[in-house]
Amino acid sequence: MNFRFLLAGSALASALTLSACDTIVYGGHSNLTQNQAELYNDQFATEVATGSLSDGQLNGIARGYWSNGNGPMIVSVTFDPKSKTNTAKKASGEALKLATALKHYGVKNIQYGTTAIEQTGALSRTMISYDSVKARPPADCPEPLGMKFAENDYGDDYKIGCSVETYTARQIARPADLAGNRVMDSNSGRRDANLLEIYQSGQPNPDLKGLNASEGGK
């Protein structure tokens, strides 16, 4: 009788213990952030004197567009309809030259043209802009912990994982990739599966046969 009572008591204690664990693990307040780095829309815009952009600056603009660009890059060169030097024809030539240079540096989606602005005389300006997508830390994360974090009392506001998401947002090369892509939309599932089958089977790829100069010229 006592033995049965002991078993019953042990079962009850176990149930209460599991219930308490369930409450602590799943029902309590969590200091772990449930969110990830967020995307937000921004815009890049710059205005300079026409012809003043160096190759290095154009390359920098193209690299920035590759990282954050969303939609076409807009290039517009101004001219004065009443000017004999700052003409529409000259502005068109400058716009084409800029577009060609930017395409050389990798900008595929570009729209270029001219804009008439009266009373500007011989001064022509070039405007380059594009919509961009950038990443930032989750909204529920405060500033990341610094080197002197031990001297600060962050209390319950700081959530575990915020530093990871913050630095991820700062380092990702193309923030738009966080939203995913649709590279599989137009692909053949059967073809992709066949390609993976060769890799997963461990079968080595055949040696590539190079061509010498005489063979390449045939």
# chains A, B, ... in the order shown; residues from 1 in each chain; ligands from 1

call {"tool": "residues_around", "arguments": {"residues": "Pro137 in chain A", "least_positions_apart": "3", "cutoff": "7 Å", "atoms": "only C-alpha atoms", "output": "JSON, numbers by chain"}}
result
{"A": [37, 38, 141, 165, 166, 169]}

call {"tool": "write_last_selection", "arguments": {"atoms": "N, CA and C atoms", "output": "CSV table (one decimal), in the first residue's frame"}}
result
chain,number,residue,atom,x,y,z
A,37,ALA,N,16.9,40.7,-39.8
A,37,ALA,CA,17.2,42.0,-40.4
A,37,ALA,C,16.1,42.4,-41.3
A,38,GLU,N,15.8,43.7,-41.3
A,38,GLU,CA,14.6,44.1,-42.1
A,38,GLU,C,15.1,44.9,-43.4
A,141,CYS,N,15.3,45.6,-31.7
A,141,CYS,CA,16.7,45.6,-31.2
A,141,CYS,C,17.2,47.0,-30.9
A,165,GLU,N,22.0,40.0,-35.9
A,165,GLU,CA,21.2,40.5,-37.0
A,165,GLU,C,21.6,41.9,-37.4
A,166,THR,N,22.1,42.7,-36.4
A,166,THR,CA,22.6,44.0,-36.7
A,166,THR,C,23.8,44.0,-37.6
A,169,ALA,N,23.0,42.8,-41.1
A,169,ALA,CA,22.4,43.9,-41.9
A,169,ALA,C,23.4,44.8,-42.4

call {"tool": "closest_residue", "arguments": {"among": "A:Ser83, A:Lys89, A:Leu98, A:Val133", "to": "Thr120 in chain A", "atoms": "only C-alpha atoms"}}
result
A:Ser83

call {"tool": "residues_around", "arguments": {"residues": "Gly93 in chain A", "least_positions_apart": "3", "cutoff": "12 Å", "atoms": "only C-alpha atoms", "output": "list in words"}}
result
Thr50, Gly51, Ser76, Val77, Thr78, Phe79, Asn86, Thr87, Ala88, Lys89, Lys90, Leu96, Lys97, Leu98, Ala99, Thr100, Tyr112, Gly113 and Thr114 of chain A

call {"tool": "write_last_selection", "arguments": {"atoms": "C-alpha atoms", "output": "PDB file, in the first residue's frame"}}
result
ATOM      1  CA  THR A  50      28.727  67.623 -66.235  1.00  0.00           C
ATOM      2  CA  GLY A  51      31.995  66.006 -67.217  1.00  0.00           C
ATOM      3  CA  SER A  76      19.896  63.190 -66.819  1.00  0.00           C
ATOM      4  CA  VAL A  77      22.121  65.956 -68.218  1.00  0.00           C
ATOM      5  CA  THR A  78      20.809  69.541 -68.212  1.00  0.00           C
ATOM      6  CA  PHE A  79      21.089  72.152 -70.947  1.00  0.00           C
ATOM      7  CA  ASN A  86      25.263  74.387 -73.321  1.00  0.00           C
ATOM      8  CA  THR A  87      23.054  72.929 -76.031  1.00  0.00           C
ATOM      9  CA  ALA A  88      20.672  69.984 -76.177  1.00  0.00           C
ATOM     10  CA  LYS A  89      22.954  68.213 -78.674  1.00  0.00           C
ATOM     11  CA  LYS A  90      25.955  68.527 -76.380  1.00  0.00           C
ATOM     12  CA  LEU A  96      25.269  58.845 -73.949  1.00  0.00           C
ATOM     13  CA  LYS A  97      28.917  58.910 -72.866  1.00  0.00           C
ATOM     14  CA  LEU A  98      27.939  58.538 -69.203  1.00  0.00           C
ATOM     15  CA  ALA A  99      25.505  55.710 -69.950  1.00  0.00           C
ATOM     16  CA  THR A 100      28.168  53.868 -71.960  1.00  0.00           C
ATOM     17  CA  TYR A 112      19.419  58.371 -69.794  1.00  0.00           C
ATOM     18  CA  GLY A 113      18.367  61.645 -71.365  1.00  0.00           C
ATOM     19  CA  THR A 114      18.459  65.419 -71.082  1.00  0.00           C
TER      20      THR A 114
END

call {"tool": "residues_around", "arguments": {"residues": "Gly56 in chain A", "least_positions_apart": "5", "cutoff": "12 Å", "atoms": "only C-alpha atoms", "output": "PyMOL selection string"}}
result
chain A and resi 61-63+101-102+105

call {"tool": "closest_residue", "arguments": {"among": "A:Lys103, A:Lys82, A:Arg136, A:Arg170", "to": "Asn59 in chain A", "atoms": "only C-alpha atoms"}}
result
A:Lys103

call {"tool": "closest_residue", "arguments": {"among": "A:Asn70, A:Ser201, A:Asn194, A:Ser52", "to": "Ser132 in chain A", "atoms": "only C-alpha atoms"}}
result
A:Asn70

call {"tool": "select_by_dssp", "arguments": {"residues": "range 35-124 of chain A", "states": "strand (DSSP E)", "output": "PyMOL selection string"}}
result
chain A and resi 38-49+73-79+110-116

call {"tool": "residues_around", "arguments": {"residues": "Pro72 in chain A", "least_positions_apart": "3", "cutoff": "8 Å", "atoms": "only C-alpha atoms", "output": "list of chain:residue names"}}
result
A:Gly69, A:Asn109, A:Ile110, A:Gln111, A:Tyr130, A:Asp131

call {"tool": "write_last_selection", "arguments": {"atoms": "N, CA and C atoms", "output": "tab-separated table (two decimals), in the first residue's frame"}}
result
chain	number	residue	atom	x	y	z
A	69	GLY	N	20.81	48.81	-55.71
A	69	GLY	CA	19.89	49.29	-56.74
A	69	GLY	C	18.63	48.46	-56.86
A	109	ASN	N	20.56	48.10	-66.27
A	109	ASN	CA	19.26	48.77	-66.39
A	109	ASN	C	19.46	50.27	-66.20
A	110	ILE	N	19.57	51.00	-67.29
A	110	ILE	CA	19.86	52.43	-67.21
A	110	ILE	C	18.99	53.20	-68.19
A	111	GLN	N	18.48	54.32	-67.74
A	111	GLN	CA	17.70	55.22	-68.58
A	111	GLN	C	18.40	56.58	-68.57
A	130	TYR	N	18.66	56.53	-58.38
A	130	TYR	CA	17.98	55.23	-58.49
A	130	TYR	C	17.38	54.87	-57.14
A	131	ASP	N	16.30	54.10	-57.19
A	131	ASP	CA	15.71	53.58	-55.96
A	131	ASP	C	16.60	52.46	-55.43

call {"tool": "atom_distance", "arguments": {"atom1": "CA of Asp80 in chain A", "atom2": "CA of Gly121 in chain A"}}
result
6.0 Å

call {"tool": "atom_distance", "arguments": {"atom1": "CA of Arg125 in chain A", "atom2": "CA of Asn41 in chain A"}}
result
26.2 Å

call {"tool": "atom_distance", "arguments": {"atom1": "CA of Glu94 in chain A", "atom2": "CA of Thr126 in chain A"}}
result
8.9 Å

call {"tool": "residues_around", "arguments": {"residues": "Ile172 in chain A", "least_positions_apart": "4", "cutoff": "9 Å", "atoms": "only C-alpha atoms", "output": "NGL selection string"}}
result
:A and (67 or 135 or 167-168 or 177-178)

call {"tool": "select_by_dssp", "arguments": {"residues": "range 39-111 of chain A", "states": "helix (DSSP H, G or I)", "output": "JSON, numbers by chain"}}
result
{"A": [55, 56, 57, 58, 59, 60, 61, 62, 63, 64, 65, 66, 67, 68, 88, 89, 90, 91, 92, 93, 94, 95, 96, 97, 98, 99, 100, 101, 102, 103, 104]}

call {"tool": "write_last_selection", "arguments": {"atoms": "N, CA and C atoms", "output": "compact mmCIF listing (two decimals), in the first residue's frame"}}
result
# COMPACT_ATOMS: atom_id res chain seq x y z
N ASP A 55 36.62 58.16 -63.78
CA ASP A 55 36.32 56.75 -63.96
C ASP A 55 36.15 56.05 -62.62
N GLY A 56 36.98 56.42 -61.64
CA GLY A 56 36.86 55.82 -60.32
C GLY A 56 35.53 56.14 -59.66
N GLN A 57 35.05 57.37 -59.83
CA GLN A 57 33.75 57.75 -59.25
C GLN A 57 32.61 57.02 -59.94
N LEU A 58 32.69 56.88 -61.26
CA LEU A 58 31.66 56.15 -61.99
C LEU A 58 31.64 54.68 -61.58
N ASN A 59 32.81 54.12 -61.37
CA ASN A 59 32.89 52.74 -60.91
C ASN A 59 32.27 52.60 -59.53
N GLY A 60 32.52 53.57 -58.66
CA GLY A 60 31.93 53.54 -57.32
C GLY A 60 30.41 53.63 -57.36
N ILE A 61 29.89 54.46 -58.25
CA ILE A 61 28.43 54.58 -58.39
C ILE A 61 27.85 53.26 -58.90
N ALA A 62 28.53 52.63 -59.85
CA ALA A 62 28.06 51.36 -60.39
C ALA A 62 28.08 50.27 -59.32
N ARG A 63 29.11 50.26 -58.48
CA ARG A 63 29.19 49.25 -57.42
C ARG A 63 28.09 49.47 -56.38
N GLY A 64 27.81 50.73 -56.07
CA GLY A 64 26.72 51.02 -55.15
C GLY A 64 25.39 50.57 -55.70
N TYR A 65 25.20 50.75 -57.02
CA TYR A 65 23.96 50.31 -57.65
C TYR A 65 23.83 48.79 -57.61
N TRP A 66 24.96 48.09 -57.84
CA TRP A 66 24.93 46.63 -57.79
C TRP A 66 24.51 46.14 -56.40
N SER A 67 24.97 46.83 -55.36
CA SER A 67 24.66 46.42 -54.00
C SER A 67 23.23 46.75 -53.59
N ASN A 68 22.76 47.94 -53.95
CA ASN A 68 21.49 48.41 -53.40
C ASN A 68 20.45 48.79 -54.45
N ALA A 88 21.31 71.29 -76.33
CA ALA A 88 20.67 69.98 -76.18
C ALA A 88 21.52 68.90 -76.82
N LYS A 89 22.12 69.21 -77.98
CA LYS A 89 22.95 68.21 -78.67
C LYS A 89 24.16 67.83 -77.82
N LYS A 90 24.78 68.81 -77.22
CA LYS A 90 25.96 68.53 -76.38
C LYS A 90 25.55 67.72 -75.15
N ALA A 91 24.40 68.07 -74.56
CA ALA A 91 23.91 67.35 -73.38
C ALA A 91 23.59 65.90 -73.74
N SER A 92 23.02 65.67 -74.92
CA SER A 92 22.71 64.31 -75.36
C SER A 92 23.98 63.48 -75.51
N GLY A 93 25.02 64.11 -76.05
CA GLY A 93 26.28 63.42 -76.20
C GLY A 93 26.90 63.04 -74.85
N GLU A 94 26.80 63.96 -73.87
CA GLU A 94 27.33 63.69 -72.54
C GLU A 94 26.53 62.58 -71.85
N ALA A 95 25.22 62.59 -72.04
CA ALA A 95 24.38 61.55 -71.43
C ALA A 95 24.71 60.18 -71.99
N LEU A 96 24.91 60.11 -73.32
CA LEU A 96 25.27 58.85 -73.95
C LEU A 96 26.63 58.36 -73.46
N LYS A 97 27.58 59.28 -73.33
CA LYS A 97 28.92 58.91 -72.87
C LYS A 97 28.86 58.36 -71.44
N LEU A 98 28.08 59.01 -70.58
CA LEU A 98 27.94 58.54 -69.20
C LEU A 98 27.28 57.16 -69.15
N ALA A 99 26.21 56.99 -69.93
CA ALA A 99 25.51 55.71 -69.95
C ALA A 99 26.42 54.59 -70.43
N THR A 100 27.24 54.88 -71.44
CA THR A 100 28.17 53.87 -71.96
C THR A 100 29.20 53.47 -70.90
N ALA A 101 29.70 54.47 -70.18
CA ALA A 101 30.69 54.19 -69.14
C ALA A 101 30.08 53.38 -68.01
N LEU A 102 28.88 53.74 -67.58
CA LEU A 102 28.22 53.02 -66.49
C LEU A 102 27.88 51.58 -66.89
N LYS A 103 27.49 51.39 -68.14
CA LYS A 103 27.23 50.03 -68.62
C LYS A 103 28.52 49.21 -68.62
N HIS A 104 29.62 49.87 -68.95
CA HIS A 104 30.91 49.19 -68.93
C HIS A 104 31.25 48.69 -67.53

call {"tool": "residues_around", "arguments": {"residues": "Lys134 in chain A", "least_positions_apart": "6", "cutoff": "6 Å", "atoms": "only C-alpha atoms", "output": "PyMOL selection string"}}
result
chain A and resi 39-40+175

call {"tool": "decode", "arguments": {"residues": "range 72-150 of chain A", "atoms": "C-alpha atoms", "output": "PDB file, in the first residue's frame"}}
result
ATOM      1  CA  PRO A  72      16.551  51.518 -63.380  1.00  0.00           C
ATOM      2  CA  MET A  73      19.360  54.018 -62.868  1.00  0.00           C
ATOM      3  CA  ILE A  74      18.285  57.430 -64.137  1.00  0.00           C
ATOM      4  CA  VAL A  75      20.904  59.697 -65.751  1.00  0.00           C
ATOM      5  CA  SER A  76      19.896  63.190 -66.819  1.00  0.00           C
ATOM      6  CA  VAL A  77      22.121  65.956 -68.218  1.00  0.00           C
ATOM      7  CA  THR A  78      20.809  69.541 -68.212  1.00  0.00           C
ATOM      8  CA  PHE A  79      21.089  72.152 -70.947  1.00  0.00           C
ATOM      9  CA  ASP A  80      19.916  75.737 -71.507  1.00  0.00           C
ATOM     10  CA  PRO A  81      17.622  76.126 -74.541  1.00  0.00           C
ATOM     11  CA  LYS A  82      18.946  79.680 -75.111  1.00  0.00           C
ATOM     12  CA  SER A  83      22.629  78.862 -74.665  1.00  0.00           C
ATOM     13  CA  LYS A  84      24.959  78.548 -77.653  1.00  0.00           C
ATOM     14  CA  THR A  85      27.408  76.314 -75.793  1.00  0.00           C
ATOM     15  CA  ASN A  86      25.263  74.387 -73.321  1.00  0.00           C
ATOM     16  CA  THR A  87      23.054  72.929 -76.031  1.00  0.00           C
ATOM     17  CA  ALA A  88      20.672  69.984 -76.177  1.00  0.00           C
ATOM     18  CA  LYS A  89      22.954  68.213 -78.674  1.00  0.00           C
ATOM     19  CA  LYS A  90      25.955  68.527 -76.380  1.00  0.00           C
ATOM     20  CA  ALA A  91      23.914  67.347 -73.384  1.00  0.00           C
ATOM     21  CA  SER A  92      22.710  64.305 -75.361  1.00  0.00           C
ATOM     22  CA  GLY A  93      26.284  63.416 -76.196  1.00  0.00           C
ATOM     23  CA  GLU A  94      27.328  63.685 -72.538  1.00  0.00           C
ATOM     24  CA  ALA A  95      24.376  61.553 -71.430  1.00  0.00           C
ATOM     25  CA  LEU A  96      25.269  58.845 -73.949  1.00  0.00           C
ATOM     26  CA  LYS A  97      28.917  58.910 -72.866  1.00  0.00           C
ATOM     27  CA  LEU A  98      27.939  58.538 -69.203  1.00  0.00           C
ATOM     28  CA  ALA A  99      25.505  55.710 -69.950  1.00  0.00           C
ATOM     29  CA  THR A 100      28.168  53.868 -71.960  1.00  0.00           C
ATOM     30  CA  ALA A 101      30.689  54.195 -69.138  1.00  0.00           C
ATOM     31  CA  LEU A 102      28.222  53.017 -66.486  1.00  0.00           C
ATOM     32  CA  LYS A 103      27.232  50.034 -68.622  1.00  0.00           C
ATOM     33  CA  HIS A 104      30.913  49.190 -68.928  1.00  0.00           C
ATOM     34  CA  TYR A 105      31.065  49.063 -65.132  1.00  0.00           C
ATOM     35  CA  GLY A 106      28.120  46.685 -64.947  1.00  0.00           C
ATOM     36  CA  VAL A 107      24.938  48.792 -64.816  1.00  0.00           C
ATOM     37  CA  LYS A 108      22.511  46.908 -67.066  1.00  0.00           C
ATOM     38  CA  ASN A 109      19.263  48.774 -66.393  1.00  0.00           C
ATOM     39  CA  ILE A 110      19.858  52.432 -67.209  1.00  0.00           C
ATOM     40  CA  GLN A 111      17.699  55.223 -68.584  1.00  0.00           C
ATOM     41  CA  TYR A 112      19.419  58.371 -69.794  1.00  0.00           C
ATOM     42  CA  GLY A 113      18.367  61.645 -71.365  1.00  0.00           C
ATOM     43  CA  THR A 114      18.459  65.419 -71.082  1.00  0.00           C
ATOM     44  CA  THR A 115      16.557  68.081 -69.142  1.00  0.00           C
ATOM     45  CA  ALA A 116      16.044  71.664 -70.283  1.00  0.00           C
ATOM     46  CA  ILE A 117      16.600  74.316 -67.603  1.00  0.00           C
ATOM     47  CA  GLU A 118      16.490  77.958 -68.619  1.00  0.00           C
ATOM     48  CA  GLN A 119      18.839  80.674 -67.420  1.00  0.00           C
ATOM     49  CA  THR A 120      21.648  78.261 -66.535  1.00  0.00           C
ATOM     50  CA  GLY A 121      23.923  79.601 -69.243  1.00  0.00           C
ATOM     51  CA  ALA A 122      26.979  77.497 -69.969  1.00  0.00           C
ATOM     52  CA  LEU A 123      26.691  75.511 -66.741  1.00  0.00           C
ATOM     53  CA  SER A 124      25.457  71.947 -67.311  1.00  0.00           C
ATOM     54  CA  ARG A 125      24.663  69.612 -64.444  1.00  0.00           C
ATOM     55  CA  THR A 126      24.409  65.836 -64.363  1.00  0.00           C
ATOM     56  CA  MET A 127      21.921  64.074 -62.084  1.00  0.00           C
ATOM     57  CA  ILE A 128      22.151  60.351 -61.324  1.00  0.00           C
ATOM     58  CA  SER A 129      19.552  58.605 -59.179  1.00  0.00           C
ATOM     59  CA  TYR A 130      17.981  55.235 -58.491  1.00  0.00           C
ATOM     60  CA  ASP A 131      15.705  53.576 -55.961  1.00  0.00           C
ATOM     61  CA  SER A 132      17.522  51.330 -53.518  1.00  0.00           C
ATOM     62  CA  VAL A 133      16.867  48.570 -51.004  1.00  0.00           C
ATOM     63  CA  LYS A 134      18.866  48.496 -47.770  1.00  0.00           C
ATOM     64  CA  ALA A 135      18.967  46.358 -44.636  1.00  0.00           C
ATOM     65  CA  ARG A 136      18.711  47.405 -40.996  1.00  0.00           C
ATOM     66  CA  PRO A 137      18.484  45.624 -37.628  1.00  0.00           C
ATOM     67  CA  PRO A 138      15.104  44.332 -36.392  1.00  0.00           C
ATOM     68  CA  ALA A 139      12.855  47.034 -34.961  1.00  0.00           C
ATOM     69  CA  ASP A 140      12.861  45.440 -31.502  1.00  0.00           C
ATOM     70  CA  CYS A 141      16.675  45.567 -31.214  1.00  0.00           C
ATOM     71  CA  PRO A 142      18.495  48.450 -29.478  1.00  0.00           C
ATOM     72  CA  GLU A 143      21.981  49.601 -30.418  1.00  0.00           C
ATOM     73  CA  PRO A 144      24.407  46.648 -30.528  1.00  0.00           C
ATOM     74  CA  LEU A 145      26.691  45.968 -27.598  1.00  0.00           C
ATOM     75  CA  GLY A 146      30.034  47.739 -27.825  1.00  0.00           C
ATOM     76  CA  MET A 147      33.409  46.883 -26.371  1.00  0.00           C
ATOM     77  CA  LYS A 148      32.376  48.375 -23.007  1.00  0.00           C
ATOM     78  CA  PHE A 149      29.119  46.436 -22.772  1.00  0.00           C
ATOM     79  CA  ALA A 150      29.989  45.248 -19.227  1.00  0.00           C
TER      80      ALA A 150
END
